[in-house]
$ cat upload_35.tsv   # TSV, C-alpha atoms
chain	number	residue	atom	x	y	z
A	81	MET	CA	-26.88	8.70	14.62
A	82	SER	CA	-23.39	9.50	15.79
A	83	GLY	CA	-20.29	8.07	17.34
A	84	PRO	CA	-19.46	4.37	16.96
A	85	ASN	CA	-22.83	3.50	15.37
A	86	LEU	CA	-22.31	5.97	12.48
A	87	ALA	CA	-18.80	4.73	11.88
A	88	PHE	CA	-20.07	1.16	11.85
A	89	LEU	CA	-22.78	1.98	9.25
A	90	LYS	CA	-20.29	3.73	6.99
A	91	ALA	CA	-18.02	0.69	7.14
A	92	ILE	CA	-20.91	-1.59	6.07
A	93	ILE	CA	-21.83	0.69	3.13
A	94	PHE	CA	-18.20	0.87	1.99
A	95	ALA	CA	-17.77	-2.90	2.20
A	96	SER	CA	-21.00	-3.51	0.27
A	97	SER	CA	-20.00	-1.15	-2.55
A	98	THR	CA	-16.57	-2.78	-2.74
A	99	LEU	CA	-18.05	-6.26	-3.03
A	100	LEU	CA	-20.52	-5.20	-5.70
A	101	SER	CA	-17.99	-3.49	-7.93
A	102	PRO	CA	-16.23	-6.64	-9.19
A	103	CYS	CA	-19.62	-8.20	-10.00
A	104	SER	CA	-20.47	-5.22	-12.17
A	105	TYR	CA	-17.18	-5.45	-14.09
A	106	ALA	CA	-17.53	-9.20	-14.47
A	107	HIS	CA	-20.99	-8.75	-15.94
A	108	GLU	CA	-19.65	-6.23	-18.44
A	109	ASP	CA	-16.82	-8.58	-19.38
A	110	ASP	CA	-19.25	-11.45	-19.89
A	111	THR	CA	-21.41	-9.28	-22.11
A	112	ASN	CA	-18.42	-8.23	-24.21
A	113	GLN	CA	-17.27	-11.84	-24.48
A	114	GLU	CA	-20.69	-12.96	-25.68
A	115	SER	CA	-20.90	-10.19	-28.27
A	116	ARG	CA	-17.44	-10.93	-29.68
A	117	ARG	CA	-17.70	-12.86	-32.92
A	118	VAL	CA	-15.66	-16.07	-33.16
A	119	ILE	CA	-15.11	-18.09	-36.34
A	120	LYS	CA	-13.61	-21.55	-36.70
A	121	LEU	CA	-11.09	-22.26	-39.46
A	122	ALA	CA	-9.22	-25.38	-40.56
A	123	ALA	CA	-5.48	-24.82	-40.97
A	124	GLU	CA	-3.09	-27.27	-42.55
A	125	ASP	CA	-0.17	-28.72	-40.62
A	126	ASN	CA	2.56	-29.21	-43.24
A	127	TRP	CA	3.19	-26.07	-45.25
A	128	ALA	CA	6.00	-24.14	-43.55
A	129	PRO	CA	6.66	-21.24	-43.45
A	130	PHE	CA	2.97	-20.49	-44.04
A	131	ALA	CA	1.31	-23.04	-41.74
A	132	ASN	CA	2.98	-25.36	-39.24
A	133	ALA	CA	1.77	-28.23	-37.09
A	134	SER	CA	2.10	-25.92	-34.07
A	135	GLY	CA	-0.61	-23.62	-35.44
A	136	THR	CA	1.84	-20.88	-36.36
A	137	GLY	CA	3.18	-19.43	-39.60
A	138	ILE	CA	2.76	-16.59	-42.06
A	139	SER	CA	-0.83	-17.51	-42.97
A	140	HIS	CA	-1.86	-17.59	-39.32
A	141	SER	CA	-0.31	-14.17	-38.75
A	142	ILE	CA	-2.03	-12.61	-41.75
A	143	ILE	CA	-5.46	-14.16	-41.12
A	144	ASN	CA	-5.52	-13.50	-37.38
A	145	SER	CA	-4.30	-9.93	-37.79
A	146	ALA	CA	-6.73	-9.13	-40.62
A	147	PHE	CA	-9.77	-10.46	-38.77
A	148	SER	CA	-8.75	-8.72	-35.54
A	149	ARG	CA	-9.02	-5.43	-37.45
A	150	VAL	CA	-12.73	-6.10	-37.99
A	151	GLY	CA	-13.51	-7.46	-34.53
A	152	ILE	CA	-13.43	-11.18	-35.27
A	153	GLU	CA	-11.57	-13.78	-33.25
A	154	VAL	CA	-10.18	-16.83	-35.05
A	155	LYS	CA	-10.13	-20.34	-33.62
A	156	SER	CA	-7.95	-22.58	-35.80
A	157	ILE	CA	-8.06	-26.37	-35.98
A	158	VAL	CA	-4.76	-27.78	-37.27
A	159	VAL	CA	-5.20	-30.91	-39.41
A	160	PRO	CA	-3.73	-32.43	-42.60
A	161	TYR	CA	-4.59	-30.31	-45.63
A	162	SER	CA	-6.89	-32.81	-47.35
A	163	ARG	CA	-8.92	-33.14	-44.15
A	164	ALA	CA	-9.07	-29.36	-43.76
A	165	VAL	CA	-10.55	-29.02	-47.25
A	166	VAL	CA	-13.16	-31.72	-46.58
A	167	MET	CA	-14.13	-30.11	-43.27
A	168	ALA	CA	-14.72	-26.80	-45.05
A	169	LYS	CA	-16.67	-28.41	-47.90
A	170	LYS	CA	-18.98	-30.09	-45.38
A	171	GLY	CA	-19.46	-26.89	-43.43
A	172	LEU	CA	-17.83	-28.28	-40.29
A	173	VAL	CA	-15.70	-25.14	-40.19
A	174	ASP	CA	-16.23	-21.65	-41.57
A	175	GLY	CA	-13.25	-21.76	-43.89
A	176	VAL	CA	-9.94	-23.36	-44.84
A	177	PHE	CA	-6.41	-21.96	-45.01
A	178	ASN	CA	-4.23	-21.66	-48.11
A	179	LEU	CA	-6.54	-22.70	-50.93
A	180	VAL	CA	-5.42	-21.85	-54.45
A	181	LYS	CA	-8.18	-20.34	-56.56
A	182	GLU	CA	-8.60	-22.48	-59.68
A	183	LYS	CA	-11.26	-24.44	-61.56
A	184	SER	CA	-11.27	-27.30	-59.07
A	185	THR	CA	-11.98	-25.03	-56.10
A	186	LYS	CA	-14.22	-22.27	-57.47
A	187	ASN	CA	-17.32	-24.47	-57.44
A	188	HIS	CA	-16.98	-25.43	-53.79
A	189	PHE	CA	-15.80	-22.30	-51.98
A	190	VAL	CA	-16.39	-18.60	-51.60
A	191	PHE	CA	-13.36	-16.37	-52.15
A	192	GLY	CA	-12.80	-12.74	-51.31
A	193	GLU	CA	-11.25	-10.18	-53.62
A	194	GLN	CA	-7.91	-10.21	-51.78
A	195	PRO	CA	-5.62	-13.26	-51.81
A	196	LEU	CA	-3.44	-13.84	-48.77
A	197	PHE	CA	-0.41	-13.91	-51.08
A	198	SER	CA	0.81	-15.48	-54.32
A	199	ALA	CA	3.02	-18.57	-54.38
A	200	THR	CA	5.04	-20.21	-57.14
A	201	ALA	CA	5.41	-23.98	-57.39
A	202	SER	CA	8.18	-25.70	-59.33
A	203	PHE	CA	9.35	-29.16	-60.30
A	204	TYR	CA	12.23	-30.49	-58.19
A	205	GLN	CA	14.59	-33.29	-59.18
A	206	ASN	CA	17.46	-35.39	-57.90
A	207	VAL	CA	20.68	-33.74	-59.12
A	208	LYS	CA	22.13	-37.20	-59.83
A	209	LYS	CA	19.23	-38.12	-62.09
A	210	PRO	CA	18.03	-35.00	-63.93
A	211	VAL	CA	15.01	-35.27	-66.19
A	212	GLN	CA	15.85	-34.81	-69.86
A	213	ALA	CA	13.36	-32.18	-71.06
A	214	ILE	CA	13.33	-28.55	-72.12
A	215	ASP	CA	10.03	-27.73	-70.38
A	216	LYS	CA	7.16	-29.36	-68.52
A	217	TRP	CA	5.29	-30.11	-71.73
A	218	GLN	CA	8.05	-32.38	-73.05
A	219	PHE	CA	8.79	-34.81	-70.21
A	220	PRO	CA	9.84	-38.32	-71.27
A	221	PRO	CA	7.11	-40.97	-71.38
A	222	ASN	CA	5.88	-42.22	-68.00
A	223	THR	CA	7.60	-39.50	-66.01
A	224	LYS	CA	6.74	-40.12	-62.35
A	225	VAL	CA	5.72	-36.88	-60.58
A	226	GLY	CA	5.03	-36.67	-56.86
A	227	ILE	CA	2.56	-34.22	-55.35
A	228	ILE	CA	0.86	-33.73	-51.98
A	229	GLU	CA	-2.62	-35.24	-51.91
A	230	GLY	CA	-5.30	-32.58	-51.90
A	231	TYR	CA	-3.06	-29.66	-52.87
A	232	GLU	CA	-3.84	-27.48	-55.88
A	233	TYR	CA	-1.17	-27.28	-58.57
A	234	GLY	CA	-2.81	-25.22	-61.31
A	235	ASP	CA	-5.19	-26.11	-64.09
A	236	GLU	CA	-2.41	-27.24	-66.47
A	237	LEU	CA	-1.12	-30.20	-64.44
A	238	ASN	CA	-3.80	-32.60	-65.66
A	239	LEU	CA	-3.05	-31.57	-69.25
A	240	LEU	CA	0.65	-32.47	-69.21
A	241	PRO	CA	1.54	-35.40	-71.48
A	242	ASN	CA	3.69	-38.34	-70.36
A	243	VAL	CA	3.09	-37.72	-66.64
A	244	HIS	CA	2.14	-40.33	-64.05
A	245	ILE	CA	1.06	-38.70	-60.78
A	246	PHE	CA	1.91	-40.11	-57.34
A	247	LYS	CA	-0.04	-38.59	-54.44
A	248	LEU	CA	1.80	-38.49	-51.12
A	249	SER	CA	1.04	-37.30	-47.61
A	250	ASN	CA	3.81	-34.80	-46.89
A	251	HIS	CA	6.95	-33.06	-48.11
A	252	ASN	CA	9.33	-35.40	-46.31
A	253	GLN	CA	7.92	-38.28	-48.35
A	254	LEU	CA	8.27	-36.32	-51.59
A	255	ILE	CA	11.91	-35.52	-50.93
A	256	ASN	CA	12.76	-39.01	-49.71
A	257	LEU	CA	11.26	-40.61	-52.82
A	258	LEU	CA	13.29	-38.25	-54.99
A	259	LEU	CA	16.45	-39.25	-53.16
A	260	LEU	CA	15.58	-42.94	-53.60
A	261	ASP	CA	14.75	-42.50	-57.33
A	262	ARG	CA	11.22	-43.74	-56.74
A	263	ILE	CA	9.87	-40.66	-58.49
A	264	ASP	CA	11.48	-38.52	-61.17
A	265	LEU	CA	10.13	-35.15	-60.07
A	266	ALA	CA	8.26	-33.56	-57.18
A	267	ILE	CA	6.15	-30.43	-57.39
A	268	MET	CA	6.60	-28.17	-54.38
A	269	TYR	CA	5.87	-24.54	-53.67
A	270	ASP	CA	9.26	-22.84	-53.71
A	271	LEU	CA	9.29	-21.22	-50.27
A	272	VAL	CA	7.93	-24.41	-48.76
A	273	ALA	CA	10.49	-26.55	-50.59
A	274	ASP	CA	13.29	-24.36	-49.24
A	275	GLN	CA	12.10	-25.01	-45.69
A	276	TYR	CA	11.94	-28.79	-45.97
A	277	ILE	CA	15.09	-29.22	-48.07
A	278	GLN	CA	17.06	-27.22	-45.50
A	279	ARG	CA	15.53	-29.10	-42.57
A	280	MET	CA	16.46	-32.43	-44.12
A	281	GLY	CA	19.97	-31.27	-45.04
A	282	VAL	CA	19.66	-32.24	-48.72
A	283	ALA	CA	20.25	-28.91	-50.45
A	284	ALA	CA	23.16	-30.45	-52.40
A	285	ASP	CA	21.00	-33.34	-53.61
A	286	ILE	CA	17.72	-31.74	-54.69
A	287	GLU	CA	17.41	-28.91	-57.21
A	288	LYS	CA	14.64	-26.83	-58.72
A	289	THR	CA	14.01	-27.17	-62.42
A	290	PHE	CA	10.92	-26.02	-64.39
A	291	THR	CA	8.23	-23.74	-63.00
A	292	ASN	CA	4.85	-25.40	-62.67
A	293	HIS	CA	2.61	-22.43	-61.93
A	294	THR	CA	2.03	-19.38	-59.77
A	295	GLY	CA	-1.18	-19.44	-57.77
A	296	GLN	CA	-3.16	-16.92	-55.75
A	297	VAL	CA	-3.55	-18.33	-52.25
A	298	TYR	CA	-6.73	-17.54	-50.29
A	299	LEU	CA	-8.57	-18.19	-47.10
A	300	ALA	CA	-11.61	-19.89	-48.66
A	301	PHE	CA	-15.03	-20.03	-47.03
A	302	SER	CA	-17.50	-22.87	-47.03
A	303	LYS	CA	-20.47	-22.42	-49.36
A	304	ASP	CA	-22.56	-24.18	-46.72
A	305	ASN	CA	-22.02	-21.19	-44.45
A	306	PRO	CA	-24.72	-18.53	-45.07
A	307	GLN	CA	-22.26	-15.90	-43.78
A	308	ALA	CA	-19.50	-16.86	-46.24
A	309	GLU	CA	-19.88	-13.78	-48.44
A	310	THR	CA	-19.91	-11.51	-45.40
A	311	LEU	CA	-16.81	-13.15	-43.94
A	312	ALA	CA	-14.99	-12.84	-47.26
A	313	LYS	CA	-15.74	-9.12	-47.41
A	314	LEU	CA	-14.69	-8.62	-43.79
A	315	LEU	CA	-11.39	-10.39	-44.49
A	316	ASP	CA	-10.85	-8.11	-47.51
A	317	THR	CA	-11.42	-5.11	-45.26
A	318	GLY	CA	-8.94	-6.42	-42.71
A	319	LEU	CA	-6.31	-7.20	-45.34
A	320	ASN	CA	-6.64	-3.74	-46.85
A	321	SER	CA	-6.19	-2.25	-43.39
A	322	LEU	CA	-3.02	-4.29	-42.82
A	323	LYS	CA	-1.61	-3.18	-46.16
A	324	GLN	CA	-2.40	0.49	-45.62
A	325	ASP	CA	-0.36	0.80	-42.41
A	326	GLY	CA	2.50	-1.51	-43.47
A	327	SER	CA	1.64	-4.38	-41.14
A	328	TYR	CA	1.08	-6.82	-44.02
A	329	GLN	CA	4.48	-6.04	-45.51
A	330	LYS	CA	6.16	-6.66	-42.15
A	331	ILE	CA	4.50	-10.06	-41.83
A	332	MET	CA	5.55	-11.08	-45.35
A	333	THR	CA	9.10	-9.84	-44.77
A	334	SER	CA	9.36	-12.19	-41.82
A	335	ILE	CA	9.52	-15.07	-44.31
A	336	GLU	CA	13.16	-14.15	-44.93
A	337	SER	CA	14.05	-14.82	-41.30
A	338	THR	CA	12.61	-18.35	-41.52
A	339	ASN	CA	14.85	-19.42	-44.40

$ encode --input "upload_35.tsv" --output "structure tokens"
Amino acid sequence: MSGPNLAFLKAIIFASSTLLSPCSYAHEDDTNQESRRVIKLAAEDNWAPFANASGTGISHSIINSAFSRVGIEVKSIVVPYSRAVVMAKKGLVDGVFNLVKEKSTKNHFVFGEQPLFSATASFYQNVKKPVQAIDKWQFPPNTKVGIIEGYEYGDELNLLPNVHIFKLSNHNQLINLLLLDRIDLAIMYDLVADQYIQRMGVAADIEKTFTNHTGQVYLAFSKDNPQAETLAKLLDTGLNSLKQDGSYQKIMTSIESTN
């Protein structure tokens, strides 16, 4: 075959190979997508700078980066904290953000060896109505203390004498009730309190007093998930990797720019 007929055949072969090539790449991409492991986590919506309603924050950065080091993609569902904990307990998600490891949580969740970070919580008061006490164990009778419903505040809180606990939905409510003298004290994690006090413009009105506790904060995995132990170990591996090359430190340092 020669002349125009040969040229025509070559054109058909070239066109066919060109059309087939994208199909081959698409098939490879589909295979890679299917083999990629995806986990679903519940993230709280009201704990800046660690977790915001927009699905961003320090915890998101740490968790997403750590799991990416071990080939896992994270899909986060942003909900109120108490709902996030319930979803994880029921196995509706693989795990829950920002759980403090203590007696009340150890029986329901699987924890890795590595916490995401440690966080200190303190009592906050209205500067115009300070509580007369020398420490948290000697509050006056019927001291009204506000907390966020579902949060963990250490094993000692339920042992404090003279305390009447009020459970509220968010930090804005805690601070507003302090300003209105509806509660005497509010327990807030310090970095979180800084965020909300600054946002509300009440730094001159609310002050930190006694330390409540320092907790180790984890990504906790549902015990109903048969892969919980494996996921916890993979997260530990990812966290160690982040720490070894300095990426973890950079993420934690970014907290300073949010205050």

$ residues_around --input "upload_35.tsv" --residues "region 135-143 of chain A" --least-positions-apart "3" --cutoff "8 Å" --atoms "all atoms listed in the file" --output "PyMOL selection string"
chain A and resi 123+125+128-132+146-147+156-158+177-178+196+299+315+319+328+331-332+334-335

$ closest_atom_pairs --input "upload_35.tsv" --of "region 205-247 of chain A" --to "region 277-295 of chain A" --cutoff "8 Å" --atoms "all atoms listed in the file" --output "Markdown table"
| residue | atom | partner | partner_atom | distance |
| --- | --- | --- | --- | --- |
| A:Gln205 | CA | A:Glu287 | CA | 5.6 |
| A:Asn206 | CA | A:Ile286 | CA | 4.9 |
| A:Val207 | CA | A:Asp285 | CA | 5.5 |
| A:Lys208 | CA | A:Asp285 | CA | 7.4 |
| A:Asp215 | CA | A:Phe290 | CA | 6.3 |
| A:Lys216 | CA | A:Phe290 | CA | 6.5 |
| A:Tyr233 | CA | A:His293 | CA | 7.0 |
| A:Gly234 | CA | A:His293 | CA | 6.1 |
| A:Leu237 | CA | A:Asn292 | CA | 7.9 |

$ atom_distance --input "upload_35.tsv" --atom1 "CA of Asp264 (chain A)" --atom2 "CA of Tyr231 (chain A)"
18.9 Å

$ atom_distance --input "upload_35.tsv" --atom1 "CA of Glu309 (chain A)" --atom2 "CA of Thr200 (chain A)"
27.2 Å

$ residues_near_point --input "upload_35.tsv" --point "(-12.9, -21.5, -51.5)" --cutoff "6 Å" --atoms "only C-alpha atoms" --output "ChimeraX atom specification"
/A:185,189-191,300-301

$ atom_distance --input "upload_35.tsv" --atom1 "CA of Val173 (chain A)" --atom2 "CA of Leu314 (chain A)"
16.9 Å

$ closest_residue --input "upload_35.tsv" --among "A:Lys186, A:Gln194, A:Gly171, A:Val159" --to "Asn320 (chain A)" --atoms "all atoms listed in the file"
A:Gln194

$ residues_around --input "upload_35.tsv" --residues "Gly226 (chain A)" --least-positions-apart "3" --cutoff "12 Å" --atoms "only C-alpha atoms" --output "VMD selection string"
chain A and resid 202 to 205 223 229 231 233 237 243 to 258 261 to 268

$ closest_residue --input "upload_35.tsv" --among "A:Ala122, A:Lys183, A:Val150, A:Tyr276" --to "Leu311 (chain A)" --atoms "only C-alpha atoms"
A:Val150

$ closest_residue --input "upload_35.tsv" --among "A:Ile227, A:Lys169, A:Thr317, A:Ser198" --to "Gly151 (chain A)" --atoms "all atoms listed in the file"
A:Thr317

$ axis_aligned_box --input "upload_35.tsv" --around "region 257-271 of chain A" --padding-each-side "3 Å" --output "JSON"
{"center_x": 11.2, "center_y": -32.5, "center_z": -55.7, "size_x": 16.6, "size_y": 28.5, "size_z": 16.9}

$ decode --input "upload_35.tsv" --residues "region 186-199 of chain A" --atoms "all heavy atoms" --output "CSV table (one decimal), in the first residue's frame"
chain,number,residue,atom,x,y,z
A,186,LYS,N,-12.1,6.7,78.7
A,186,LYS,CA,-11.3,5.5,78.5
A,186,LYS,C,-12.1,4.3,78.2
A,186,LYS,O,-11.7,3.4,77.4
A,186,LYS,CB,-10.4,5.2,79.7
A,186,LYS,CG,-9.2,6.2,79.8
A,186,LYS,CD,-8.3,5.8,81.0
A,186,LYS,CE,-7.2,6.8,81.1
A,186,LYS,NZ,-6.3,6.4,82.4
A,187,ASN,N,-13.3,4.2,78.8
A,187,ASN,CA,-14.1,3.0,78.6
A,187,ASN,C,-14.9,3.0,77.3
A,187,ASN,O,-15.4,1.9,76.9
A,187,ASN,CB,-15.2,2.9,79.7
A,187,ASN,CG,-14.5,2.6,81.1
A,187,ASN,OD1,-13.4,2.0,81.1
A,187,ASN,ND2,-15.2,3.0,82.1
A,188,HIS,N,-14.9,4.1,76.6
A,188,HIS,CA,-15.7,4.2,75.3
A,188,HIS,C,-14.9,4.3,74.1
A,188,HIS,O,-15.4,4.1,73.0
A,188,HIS,CB,-16.7,5.4,75.5
A,188,HIS,CG,-17.6,5.3,76.6
A,188,HIS,ND1,-18.7,4.4,76.6
A,188,HIS,CD2,-17.7,5.9,77.8
A,188,HIS,CE1,-19.4,4.5,77.7
A,188,HIS,NE2,-18.8,5.5,78.5
A,189,PHE,N,-13.6,4.7,74.2
A,189,PHE,CA,-12.8,5.0,73.0
A,189,PHE,C,-11.5,4.3,73.0
A,189,PHE,O,-11.0,3.9,74.1
A,189,PHE,CB,-12.7,6.5,72.9
A,189,PHE,CG,-13.9,7.3,72.7
A,189,PHE,CD1,-14.6,7.8,73.8
A,189,PHE,CD2,-14.5,7.4,71.5
A,189,PHE,CE1,-15.8,8.5,73.7
A,189,PHE,CE2,-15.7,8.1,71.3
A,189,PHE,CZ,-16.4,8.6,72.4
A,190,VAL,N,-10.9,4.2,71.8
A,190,VAL,CA,-9.6,3.7,71.7
A,190,VAL,C,-8.6,4.9,71.4
A,190,VAL,O,-8.9,5.8,70.5
A,190,VAL,CB,-9.5,2.7,70.5
A,190,VAL,CG1,-8.0,2.4,70.2
A,190,VAL,CG2,-10.3,1.5,70.8
A,191,PHE,N,-7.5,5.0,72.2
A,191,PHE,CA,-6.6,6.1,72.0
A,191,PHE,C,-5.2,5.5,71.6
A,191,PHE,O,-4.8,4.4,71.9
A,191,PHE,CB,-6.4,6.8,73.4
A,191,PHE,CG,-7.6,7.4,73.9
A,191,PHE,CD1,-8.5,6.7,74.7
A,191,PHE,CD2,-7.9,8.8,73.7
A,191,PHE,CE1,-9.6,7.3,75.2
A,191,PHE,CE2,-9.0,9.4,74.2
A,191,PHE,CZ,-9.9,8.6,75.0
A,192,GLY,N,-4.5,6.4,70.8
A,192,GLY,CA,-3.2,6.0,70.4
A,192,GLY,C,-2.2,6.4,71.5
A,192,GLY,O,-2.6,6.8,72.6
A,193,GLU,N,-0.9,6.2,71.2
A,193,GLU,CA,0.1,6.6,72.2
A,193,GLU,C,0.4,8.1,72.2
A,193,GLU,O,0.8,8.6,73.2
A,193,GLU,CB,1.4,5.8,71.9
A,193,GLU,CG,1.3,4.3,72.0
A,193,GLU,CD,1.1,3.9,73.5
A,193,GLU,OE1,1.5,4.6,74.4
A,193,GLU,OE2,0.4,2.8,73.7
A,194,GLN,N,0.1,8.7,71.1
A,194,GLN,CA,0.5,10.1,70.9
A,194,GLN,C,-0.7,11.0,71.0
A,194,GLN,O,-1.7,10.9,70.2
A,194,GLN,CB,1.1,10.3,69.5
A,194,GLN,CG,2.4,9.6,69.3
A,194,GLN,CD,3.6,10.3,69.9
A,194,GLN,OE1,3.6,11.5,70.1
A,194,GLN,NE2,4.7,9.5,70.1
A,195,PRO,N,-0.8,11.9,72.0
A,195,PRO,CA,-1.8,12.9,71.9
A,195,PRO,C,-1.6,13.9,70.8
A,195,PRO,O,-0.5,14.1,70.3
A,195,PRO,CB,-1.7,13.6,73.3
A,195,PRO,CG,-0.3,13.5,73.7
A,195,PRO,CD,0.2,12.1,73.1
A,196,LEU,N,-2.7,14.6,70.4
A,196,LEU,CA,-2.5,15.7,69.4
A,196,LEU,C,-1.7,16.9,70.1
A,196,LEU,O,-0.8,17.5,69.4
A,196,LEU,CB,-3.9,16.2,69.0
A,196,LEU,CG,-4.8,15.2,68.3
A,196,LEU,CD1,-6.1,15.8,68.0
A,196,LEU,CD2,-4.1,14.6,67.0
A,197,PHE,N,-2.0,17.2,71.3
A,197,PHE,CA,-1.3,18.2,72.1
A,197,PHE,C,-1.9,18.2,73.5
A,197,PHE,O,-2.8,17.4,73.8
A,197,PHE,CB,-1.6,19.6,71.4
A,197,PHE,CG,-3.0,19.8,71.1
A,197,PHE,CD1,-3.9,20.3,72.1
A,197,PHE,CD2,-3.5,19.6,69.8
A,197,PHE,CE1,-5.3,20.5,71.8
A,197,PHE,CE2,-4.9,19.8,69.5
A,197,PHE,CZ,-5.7,20.3,70.5
A,198,SER,N,-1.3,19.0,74.4
A,198,SER,CA,-1.9,19.1,75.7
A,198,SER,C,-2.5,20.5,75.8
A,198,SER,O,-2.1,21.4,75.1
A,198,SER,CB,-0.8,19.0,76.8
A,198,SER,OG,0.2,20.0,76.7
A,199,ALA,N,-3.5,20.6,76.7
A,199,ALA,CA,-4.2,21.9,76.8
A,199,ALA,C,-4.6,22.1,78.3
A,199,ALA,O,-5.0,21.2,79.0
A,199,ALA,CB,-5.5,21.9,76.0
